[in-house]
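Raw contents of input.csv, CSV, C-alpha atoms:
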chain,number,residue,atom,x,y,z
Q,17,MET,CA,77.1,187.1,98.4
Q,18,LEU,CA,74.6,185.4,100.7
Q,19,GLY,CA,72.8,183.9,97.6
Q,20,VAL,CA,76.1,182.5,96.3
Q,21,LEU,CA,76.8,180.9,99.7
Q,22,VAL,CA,73.3,179.4,99.9
Q,23,THR,CA,73.7,178.0,96.3
Q,24,THR,CA,77.1,176.5,97.2
Q,25,LEU,CA,75.8,174.8,100.3
Q,26,ALA,CA,72.8,173.5,98.4
Q,27,THR,CA,75.1,172.0,95.8
Q,28,ILE,CA,77.3,170.3,98.4
Q,29,ALA,CA,74.2,169.0,100.2
Q,30,ALA,CA,72.8,167.5,97.0
Q,31,LEU,CA,76.2,165.9,96.2
Q,32,PHE,CA,76.3,164.1,99.5
Q,33,ALA,CA,72.7,163.1,99.3
Q,34,ALA,CA,73.4,161.5,95.9
Q,35,THR,CA,76.4,159.6,97.3
Q,36,PRO,CA,75.3,156.8,99.6
Q,37,PRO,CA,78.0,155.6,102.1
Q,38,SER,CA,79.8,152.3,101.4
Q,39,GLN,CA,78.2,149.1,102.7
Q,40,ALA,CA,79.0,148.5,106.3
Q,41,ASP,CA,81.1,145.5,107.2
Q,42,THR,CA,79.1,142.5,108.5
Q,43,ASN,CA,80.3,140.5,111.5
Q,44,VAL,CA,79.5,136.8,111.4
Q,45,CYS,CA,80.1,134.6,114.5
Q,46,GLU,CA,77.4,131.9,114.1
Q,47,GLN,CA,79.0,128.5,113.5
Q,48,PHE,CA,77.8,128.2,109.9
Q,49,GLY,CA,76.7,131.9,109.5
Q,50,SER,CA,77.2,133.7,106.2
Q,51,ALA,CA,76.8,137.0,104.4
Q,52,VAL,CA,76.6,138.1,100.8
Q,53,ILE,CA,79.4,140.4,99.3
Q,54,GLN,CA,79.7,142.1,95.9
Q,55,GLY,CA,76.1,141.1,95.3
Q,56,ARG,CA,77.2,137.6,94.1
Q,57,TYR,CA,79.5,135.8,96.5
Q,58,VAL,CA,78.9,134.3,100.0
Q,59,VAL,CA,81.3,134.7,102.9
Q,60,GLN,CA,80.9,131.8,105.4
Q,61,ASN,CA,82.3,131.4,108.9
Q,62,ASN,CA,82.2,127.6,108.5
Q,63,ARG,CA,83.6,126.6,112.0
Q,64,TRP,CA,83.2,122.8,111.8
Q,65,GLY,CA,86.2,121.3,113.6
Q,66,THR,CA,86.1,123.0,117.0
Q,67,THR,CA,83.7,124.5,119.6
Q,68,ALA,CA,86.0,127.5,120.3
Q,69,PRO,CA,84.6,130.8,119.2
Q,70,GLN,CA,85.4,132.1,115.7
Q,71,CYS,CA,84.2,135.3,113.9
Q,72,VAL,CA,84.7,136.7,110.4
Q,73,THR,CA,83.9,140.1,109.1
Q,74,ALA,CA,82.5,140.4,105.6
Q,75,THR,CA,83.9,143.4,103.8
Q,76,ASP,CA,82.9,145.0,100.5
Q,77,THR,CA,85.4,142.8,98.6
Q,78,GLY,CA,86.3,139.9,100.9
Q,79,PHE,CA,86.5,139.1,104.6
Q,80,ARG,CA,88.9,139.0,107.5
Q,81,VAL,CA,89.1,136.7,110.5
Q,82,THR,CA,88.4,138.8,113.6
Q,83,ARG,CA,88.4,136.0,116.2
Q,84,ALA,CA,89.9,132.5,116.0
Q,85,ASP,CA,90.3,131.0,119.5
Q,86,GLY,CA,91.9,127.7,120.4
Q,87,SER,CA,93.9,125.1,118.5
Q,88,VAL,CA,93.6,121.5,117.3
Q,89,PRO,CA,96.4,118.9,116.8
Q,90,THR,CA,98.3,119.5,113.6
Q,91,ASN,CA,98.2,115.8,112.6
Q,92,GLY,CA,94.4,115.9,112.2
Q,93,GLY,CA,91.9,118.1,110.5
Q,94,PRO,CA,91.8,122.0,110.8
Q,95,LYS,CA,89.4,124.0,113.0
Q,96,SER,CA,87.4,125.5,110.3
Q,97,TYR,CA,87.3,126.8,106.7
Q,98,PRO,CA,86.4,130.5,106.8
Q,99,SER,CA,86.0,131.3,103.1
Q,100,VAL,CA,84.2,133.1,100.3
Q,101,PHE,CA,82.5,131.1,97.5
Q,102,ASN,CA,80.8,131.2,94.2
Q,103,GLY,CA,78.3,128.3,93.7
Q,104,CYS,CA,76.5,126.1,96.2
Q,105,HIS,CA,77.6,124.9,99.6
Q,106,TYR,CA,75.2,122.7,101.6
Q,107,THR,CA,72.1,124.3,99.8
Q,108,ASN,CA,73.5,127.9,100.4
Q,109,CYS,CA,73.9,129.2,96.8
Q,110,SER,CA,75.5,132.5,95.9
Q,111,PRO,CA,73.2,135.0,94.2
Q,112,GLY,CA,73.1,134.7,90.4
Q,113,THR,CA,75.5,131.8,90.2
Q,114,ASN,CA,75.4,129.6,87.2
Q,115,LEU,CA,76.9,126.6,89.1
Q,116,PRO,CA,76.6,123.7,89.1
Q,117,ALA,CA,77.8,123.5,85.5
Q,118,GLN,CA,79.0,120.4,83.6
Q,119,LEU,CA,82.7,120.4,83.0
Q,120,SER,CA,82.3,119.6,79.3
Q,121,GLY,CA,80.2,122.7,78.9
Q,122,ILE,CA,82.6,125.2,80.5
Q,123,SER,CA,85.1,127.0,78.3
Q,124,SER,CA,86.9,128.8,81.0
Q,125,ALA,CA,86.5,129.7,84.7
Q,126,PRO,CA,88.7,132.7,85.4
Q,127,SER,CA,89.2,133.6,89.1
Q,128,SER,CA,91.4,135.8,91.2
Q,129,ILE,CA,92.3,136.0,94.9
Q,130,SER,CA,94.3,138.3,97.1
Q,131,TYR,CA,95.3,137.2,100.7
Q,132,GLY,CA,96.5,138.8,103.9
Q,133,PHE,CA,98.6,136.6,106.1
Q,134,VAL,CA,99.7,136.6,109.8
Q,135,GLY,CA,102.7,135.3,111.6
Q,136,ASP,CA,101.3,133.8,114.8
Q,137,ALA,CA,99.2,131.0,113.5
Q,138,VAL,CA,99.3,127.5,111.9
Q,139,TYR,CA,97.2,127.4,108.7
Q,140,ASN,CA,97.0,127.0,105.0
Q,141,ALA,CA,95.6,129.6,102.5
Q,142,SER,CA,93.6,127.4,100.2
Q,143,TYR,CA,91.4,127.6,97.1
Q,144,ASP,CA,88.9,124.7,96.9
Q,145,ILE,CA,87.3,123.4,93.7
Q,146,TRP,CA,84.4,120.9,94.2
Q,147,LEU,CA,83.4,118.3,91.6
Q,148,ASP,CA,80.6,115.8,91.6
Q,149,PRO,CA,79.0,113.3,89.1
Q,150,THR,CA,75.6,115.1,89.7
Q,151,PRO,CA,74.6,118.8,89.8
Q,152,ARG,CA,74.1,118.6,93.6
Q,153,THR,CA,73.8,121.7,95.7
Q,154,ASP,CA,73.8,119.9,99.1
Q,155,GLY,CA,76.4,118.0,101.1
Q,156,VAL,CA,79.9,116.8,100.2
Q,157,ASN,CA,80.9,116.3,96.6
Q,158,ARG,CA,82.9,113.3,95.2
Q,159,THR,CA,86.2,115.1,94.6
Q,160,GLU,CA,87.8,118.1,96.2
Q,161,ILE,CA,90.7,119.9,94.6
Q,162,MET,CA,92.7,122.0,97.0
Q,163,ILE,CA,95.2,124.7,95.9
Q,164,TRP,CA,97.5,125.5,98.8
Q,165,LEU,CA,98.9,129.0,98.1
Q,166,ASN,CA,100.5,129.2,101.5
Q,167,LYS,CA,101.4,126.6,104.2
Q,168,VAL,CA,102.5,127.8,107.6
Q,169,GLY,CA,103.5,125.2,110.3
Q,170,PRO,CA,103.8,121.4,110.6
Q,171,ILE,CA,100.8,120.6,108.4
Q,172,GLN,CA,100.4,118.7,105.1
Q,173,PRO,CA,97.6,117.8,102.7
Q,174,ILE,CA,95.5,114.7,102.9
Q,175,GLY,CA,97.2,111.6,101.5
Q,176,SER,CA,100.7,111.5,100.1
Q,177,GLN,CA,102.8,113.3,97.5
Q,178,VAL,CA,102.4,111.6,94.1
Q,179,GLY,CA,104.7,113.9,92.1
Q,180,THR,CA,104.9,117.4,90.7
Q,181,ALA,CA,103.0,119.2,88.0
Q,182,ASN,CA,103.0,122.5,86.1
Q,183,VAL,CA,99.5,124.0,86.1
Q,184,GLY,CA,98.6,127.5,85.2
Q,185,GLY,CA,102.2,128.3,84.4
Q,186,ARG,CA,103.4,127.4,87.9
Q,187,SER,CA,105.1,124.4,89.5
Q,188,TRP,CA,103.2,122.5,92.2
Q,189,GLN,CA,103.7,119.5,94.5
Q,190,VAL,CA,100.8,117.2,93.9
Q,191,TRP,CA,99.2,115.2,96.7
Q,192,ALA,CA,96.3,112.7,96.5
Q,193,GLY,CA,94.2,110.8,99.1
Q,194,GLY,CA,90.9,110.6,100.7
Q,195,ASN,CA,89.4,111.8,104.0
Q,196,GLY,CA,86.8,109.0,104.3
Q,197,THR,CA,84.1,111.1,102.7
Q,198,ASN,CA,85.5,112.4,99.4
Q,199,ASP,CA,88.7,112.2,97.3
Q,200,VAL,CA,91.1,115.0,97.7
Q,201,LEU,CA,93.6,116.2,95.0
Q,202,SER,CA,96.0,118.9,96.4
Q,203,PHE,CA,98.4,121.3,94.6
Q,204,VAL,CA,100.9,122.9,97.0
Q,205,ALA,CA,102.9,126.0,96.0
Q,206,PRO,CA,106.6,125.7,96.9
Q,207,SER,CA,106.5,129.2,98.4
Q,208,ALA,CA,103.8,131.6,99.7
Q,209,MET,CA,101.6,133.3,97.1
Q,210,SER,CA,99.7,136.3,98.4
Q,211,GLY,CA,97.6,136.6,95.2
Q,212,TRP,CA,97.0,135.0,91.9
Q,213,SER,CA,94.7,135.1,88.8
Q,214,PHE,CA,94.1,131.8,87.0
Q,215,ASP,CA,91.7,129.5,85.3
Q,216,VAL,CA,89.9,127.0,87.6
Q,217,MET,CA,89.5,124.7,84.6
Q,218,ASP,CA,93.2,124.1,84.4
Q,219,PHE,CA,92.9,122.2,87.8
Q,220,ALA,CA,89.7,120.5,86.9
Q,221,ARG,CA,91.3,119.1,83.8
Q,222,GLN,CA,94.1,117.8,86.0
Q,223,ALA,CA,91.5,115.9,88.1
Q,224,VAL,CA,90.1,114.4,84.9
Q,225,ALA,CA,93.5,113.4,83.6
Q,226,ARG,CA,94.3,111.7,86.9
Q,227,GLY,CA,91.1,109.7,87.0
Q,228,MET,CA,89.6,111.6,89.9
Q,229,ALA,CA,86.8,113.2,87.8
Q,230,GLN,CA,85.1,112.9,84.4
Q,231,ASN,CA,84.2,115.5,81.8
Q,232,ASN,CA,80.5,114.8,82.4
Q,233,TRP,CA,80.8,115.7,86.1
Q,234,TYR,CA,79.8,119.0,87.5
Q,235,LEU,CA,81.7,122.0,89.0
Q,236,THR,CA,79.5,122.8,92.0
Q,237,SER,CA,81.4,125.6,93.7
Q,238,VAL,CA,84.8,127.3,94.1
Q,239,GLN,CA,85.9,128.6,97.5
Q,240,ALA,CA,88.8,130.7,98.8
Q,241,GLY,CA,89.9,131.0,102.4
Q,242,PHE,CA,91.9,129.5,105.2
Q,243,GLU,CA,92.2,126.3,107.2
Q,244,PRO,CA,93.6,127.2,110.6
Q,245,TRP,CA,94.9,124.7,113.1
Q,246,GLN,CA,96.1,127.3,115.7
Q,247,ASN,CA,94.9,130.8,116.1
Q,248,GLY,CA,94.2,132.7,112.8
Q,249,THR,CA,93.0,136.1,113.9
Q,250,GLY,CA,93.9,138.6,111.3
Q,251,LEU,CA,93.9,136.4,108.2
Q,252,SER,CA,92.0,138.0,105.4
Q,253,VAL,CA,90.8,137.5,101.8
Q,254,ASN,CA,91.3,141.1,100.5
Q,255,SER,CA,89.5,140.4,97.2
Q,256,PHE,CA,87.9,137.6,95.3
Q,257,SER,CA,86.4,137.1,91.9
Q,258,SER,CA,85.0,134.1,90.0
Q,259,THR,CA,83.4,133.7,86.6
Q,260,VAL,CA,82.2,130.6,84.8
Q,261,ASN,CA,82.0,130.9,81.0
Q,262,LYS,CA,79.9,128.3,79.2
Q,263,SER,CA,81.2,126.8,75.9
Q,264,GLY,CA,79.9,128.6,72.9
Q,265,GLY,CA,77.9,131.0,75.0
Q,266,GLY,CA,80.5,133.7,75.8
Q,267,GLY,CA,79.8,133.5,79.5
Q,268,PRO,CA,76.8,133.9,81.7
Q,269,GLY,CA,75.7,137.2,80.2
Q,270,PRO,CA,73.6,137.8,77.0
Q,271,GLY,CA,75.0,136.9,73.6
Q,272,GLY,CA,78.4,135.5,73.0
Q,273,PRO,CA,81.3,135.5,70.5
Q,274,GLY,CA,80.0,136.6,67.2
Q,275,GLY,CA,76.5,137.0,68.6
Q,276,GLY,CA,76.4,140.8,68.3
Q,277,THR,CA,76.0,143.4,70.9
Q,278,ALA,CA,73.3,142.6,73.5
Q,279,CYS,CA,73.8,145.6,75.8
Q,280,ALA,CA,74.1,149.3,75.8
Q,281,VAL,CA,75.7,151.7,78.3
Q,282,SER,CA,75.2,155.4,79.0
Q,283,TYR,CA,77.9,157.2,81.1
Q,284,ALA,CA,76.9,160.6,82.5
Q,285,THR,CA,79.4,162.6,84.6
Q,286,ASN,CA,79.5,165.7,86.8
Q,287,VAL,CA,83.1,166.9,86.8
Q,288,TRP,CA,84.8,169.6,89.0
Q,289,PRO,CA,88.6,170.3,89.5
Q,290,GLY,CA,90.1,167.1,91.0
Q,291,GLY,CA,86.8,165.2,91.4
Q,292,PHE,CA,83.8,163.7,89.6
Q,293,THR,CA,80.7,161.6,89.9
Q,294,ALA,CA,79.4,159.2,87.3
Q,295,ASN,CA,75.9,157.7,86.7
Q,296,VAL,CA,76.0,154.6,84.6
Q,297,THR,CA,73.0,152.9,83.1
Q,298,VAL,CA,73.4,149.5,81.5
Q,299,THR,CA,70.5,148.2,79.3
Q,300,ASN,CA,69.9,144.6,78.3
Q,301,THR,CA,69.2,144.8,74.6
Q,302,GLY,CA,69.0,141.0,74.2
Q,303,SER,CA,66.1,138.6,74.4
Q,304,THR,CA,67.0,136.8,77.7
Q,305,PRO,CA,67.4,138.0,81.2
Q,306,VAL,CA,70.9,138.8,82.6
Q,307,ASP,CA,71.2,137.3,86.0
Q,308,GLY,CA,74.2,138.3,88.2
Q,309,TRP,CA,75.3,141.2,85.9
Q,310,ARG,CA,78.9,142.3,86.0
Q,311,LEU,CA,79.9,145.4,84.0
Q,312,ALA,CA,83.7,145.7,83.3
Q,313,PHE,CA,85.5,148.8,82.2
Q,314,THR,CA,88.9,150.5,82.6
Q,315,LEU,CA,89.2,153.8,84.4
Q,316,PRO,CA,91.6,156.2,82.7
Q,317,SER,CA,95.0,156.7,84.3
Q,318,GLY,CA,94.9,159.0,87.3
Q,319,GLN,CA,91.3,158.3,88.3
Q,320,GLN,CA,90.6,156.7,91.7
Q,321,LEU,CA,87.1,155.7,93.0
Q,322,THR,CA,86.2,156.8,96.5
Q,323,SER,CA,82.6,155.4,96.9
Q,324,ALA,CA,79.8,153.8,94.9
Q,325,TRP,CA,76.1,153.2,95.2
Q,326,SER,CA,73.6,150.7,93.8
Q,327,ALA,CA,76.5,148.4,92.8
Q,328,SER,CA,79.7,147.0,94.2
Q,329,VAL,CA,82.6,148.5,92.2
Q,330,SER,CA,86.2,147.2,92.7
Q,331,PRO,CA,89.1,147.6,92.7
Q,332,SER,CA,89.3,151.4,93.0
Q,333,SER,CA,91.4,152.1,89.9
Q,334,GLY,CA,92.5,150.5,86.6
Q,335,SER,CA,90.4,147.6,85.3
Q,336,VAL,CA,87.3,147.6,87.5
Q,337,THR,CA,84.1,145.6,87.7
Q,338,ALA,CA,80.7,146.8,88.9
Q,339,THR,CA,78.5,144.0,90.2
Q,340,GLY,CA,74.8,144.2,90.9
Q,341,LEU,CA,73.5,144.0,94.5
Q,342,PRO,CA,70.9,141.4,95.7
Q,343,HIS,CA,68.0,143.7,94.9
Q,344,ASN,CA,69.1,144.7,91.4
Q,345,ALA,CA,71.2,141.7,90.3
Q,346,SER,CA,69.0,140.9,87.3
Q,347,ILE,CA,68.3,142.8,84.1
Q,348,ALA,CA,65.2,141.8,82.1
Q,349,PRO,CA,65.2,141.9,78.3
Q,350,GLY,CA,64.7,145.5,77.4
Q,351,GLY,CA,65.3,146.6,81.0
Q,352,SER,CA,68.1,148.5,82.6
Q,353,GLN,CA,69.9,149.0,85.9
Q,354,THR,CA,71.6,152.2,87.0
Q,355,PHE,CA,74.5,152.7,89.5
Q,356,GLY,CA,77.0,155.4,90.2
Q,357,PHE,CA,80.3,156.3,91.9
Q,358,GLN,CA,82.4,159.2,93.0
Q,359,GLY,CA,86.1,159.6,92.4
Q,360,THR,CA,89.1,161.8,92.1
Q,361,TYR,CA,91.4,162.4,89.1
Q,362,ASN,CA,94.7,164.0,88.0
Q,363,GLY,CA,95.4,165.8,84.8
Q,364,ALA,CA,92.7,165.9,82.1
Q,365,PHE,CA,89.4,164.1,82.7
Q,366,SER,CA,88.2,161.5,80.3
Q,367,ALA,CA,85.6,158.7,80.3
Q,368,PRO,CA,86.3,154.9,80.0
Q,369,GLY,CA,86.8,153.7,76.5
Q,370,GLY,CA,84.4,150.8,76.5
Q,371,PHE,CA,82.3,148.5,78.6
Q,372,THR,CA,81.6,144.7,78.7
Q,373,LEU,CA,78.5,143.1,80.3
Q,374,ASN,CA,79.4,139.6,81.5
Q,375,GLY,CA,82.0,139.3,78.8
Q,376,THR,CA,79.9,140.9,76.0
Q,377,ALA,CA,81.0,144.2,74.5
Q,378,CYS,CA,78.3,146.9,74.9
Q,379,ALA,CA,77.3,149.8,72.6
Q,380,MET,CA,77.4,153.3,73.9
Q,381,ALA,CA,74.0,154.8,74.3
Here is a file; write its structure as structure tokens.
Amino acid sequence: MLGVLVTTLATIAALFAATPPSQADTNVCEQFGSAVIQGRYVVQNNRWGTTAPQCVTATDTGFRVTRADGSVPTNGGPKSYPSVFNGCHYTNCSPGTNLPAQLSGISSAPSSISYGFVGDAVYNASYDIWLDPTPRTDGVNRTEIMIWLNKVGPIQPIGSQVGTANVGGRSWQVWAGGNGTNDVLSFVAPSAMSGWSFDVMDFARQAVARGMAQNNWYLTSVQAGFEPWQNGTGLSVNSFSSTVNKSGGGGPGPGGPGGGTACAVSYATNVWPGGFTANVTVTNTGSTPVDGWRLAFTLPSGQQLTSAWSASVSPSSGSVTATGLPHNASIAPGGSQTFGFQGTYNGAFSAPGGFTLNGTACAMA
């Protein structure tokens, strides 16, 4: 009996040792301080319009505003733009990004965002798309596209309303103007949207059609966050994703449409009643490095992730994506990266049906 107890305790100890804790939240209070999340995006405090204190806390999948003191007049610019971005912002480039990228060379740029709102502040929830004639990674770009998914209080976009448009299957008020530094094209939702998945290129093409950009210009960054004028504590970006797929290349990963499988995945599990762990190894079988790898797969119904290690994995159920961390974000030709996760399940246990690496289907090893 004692031997069984010792064996059981040893098994439990080994399981906990193999399951590192989730990454701790990072508090950022410096005026232009930042932190990396998901191994590929940058959260920035970006307090540029006030001297009042502001802090954001970077989470595993987004950020929340934990302090936003003071207010500024609502007929002027906001206090700040706490946000998360893919690309380059004043020489701060997100890990593994393939931005800047020329608009004519981008086939699609799918993105998704989920917001958390508060009721005691004046702000907009905005998604920014930055365009420039050159592939610059510093300073302000020529044209800023703003998507206002929520507007709270007596504020309005720069310029004046020039009409309405249907973009991404939704109707928007369209505003145009300039702030003395760059042109601004804004799309304002008629009612609050707490989340959305869309193609950034739908809005970039609108800028081209309206003469505010050209196809030979560059997409330099996409950013999602808030512009607060008054208060703002408690606002949050719960999740954020952004991918830029190059024309004819099938995306930033190896291979492309018709290019054959350039990756292989092994999926090893340890299963017990109601729970399991999985160790996943993804191998680059192509001839070029994979920078900023993202492995997508669908968890079978009834499975729920509780923790992960050596990668950021989100959301916790359904269609999930594992993203490399800063220290393992690249896979050399012939090389591999391994990550793992723990979860729970209901009913019969099964493995995911397939995996894609940066948009390319992988063989099972």
Handout entry: Distance of atom CA of Trp146 of chain Q from atom CA of Ala84 of chain Q, expressed in Å to one decimal place
Key = 25.3 Å
Problem - Distance of atom CA of Ser130 of chain Q from atom CA of Ser317 of chain Q, expressed in Å to one decimal place - result: 22.4 Å
Contacts of segment 182-259 of chain Q with segment 40-59 of chain Q up to 10 Å, shortest pair per row, only C-alpha atoms, as a Markdown table:
| residue | atom | partner | partner_atom | distance |
| --- | --- | --- | --- | --- |
| Q:Gln239 | CA | Q:Val59 | CA | 9.4 |
| Q:Ala240 | CA | Q:Val59 | CA | 9.4 |
| Q:Gly241 | CA | Q:Val59 | CA | 9.4 |
| Q:Val253 | CA | Q:Val59 | CA | 10.0 |
| Q:Phe256 | CA | Q:Tyr57 | CA | 8.7 |
| Q:Ser257 | CA | Q:Tyr57 | CA | 8.4 |
| Q:Ser258 | CA | Q:Tyr57 | CA | 8.7 |
Problem - Coordinates-based distance that separates atom CA of Gly93 of chain Q from atom CA of Thr159 of chain Q (Å, one decimal) - result: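 We find that atom CA of Thr159 of chain Q and atom CA of Gly93 of chain Q lie 17.2 Å from each other.
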Handout entry: Cut-off 6 Å around (79.9, 117.5, 82.2) with all atoms listed in the file: residues as a PyMOL selection string
Key = chain Q and resi 118-120+231-234
Practice task
Using all atoms listed in the file, give me every residue within 12 Å of (103.7, 112.9, 90.8) in file coordinates, as a PyMOL selection string.
Solution key: chain Q and resi 176-182+187-192+201-203+222+226
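Considering the residues Q:Ile163, Q:Ala364, Q:Val134, Q:Ala381 and counting all atoms listed in the file, Pro289 of chain Q has its shortest atom-to-atom contact with Q:Ala364.
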Practice task
Find, counting all atoms listed in the file, the residue in Q:Asn157, Q:Gly169, Q:Thr236, Q:Phe242 that gets nearest to Phe79 of chain Q.
Solution key: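 Distance minimum relative to Phe79 of chain Q lands on Q:Phe242.
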Exercise for the section: Could you tell me which of Q:Leu373, Q:Trp288, Q:Leu321, Q:Lys262 comes closest to Thr301 of chain Q if we count all atoms listed in the file? Expected result: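 Among the listed residues, the smallest separation from Thr301 of chain Q belongs to Q:Leu373.
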Practice task
Pick out the residues sitting within 8 Å of Pro305 of chain Q, and hand them over as a ChimeraX atom specification; count all atoms listed in the file, and ignore anything fewer than 4 positions along from it in its own chain.
Solution key: /Q:270,300,346-349
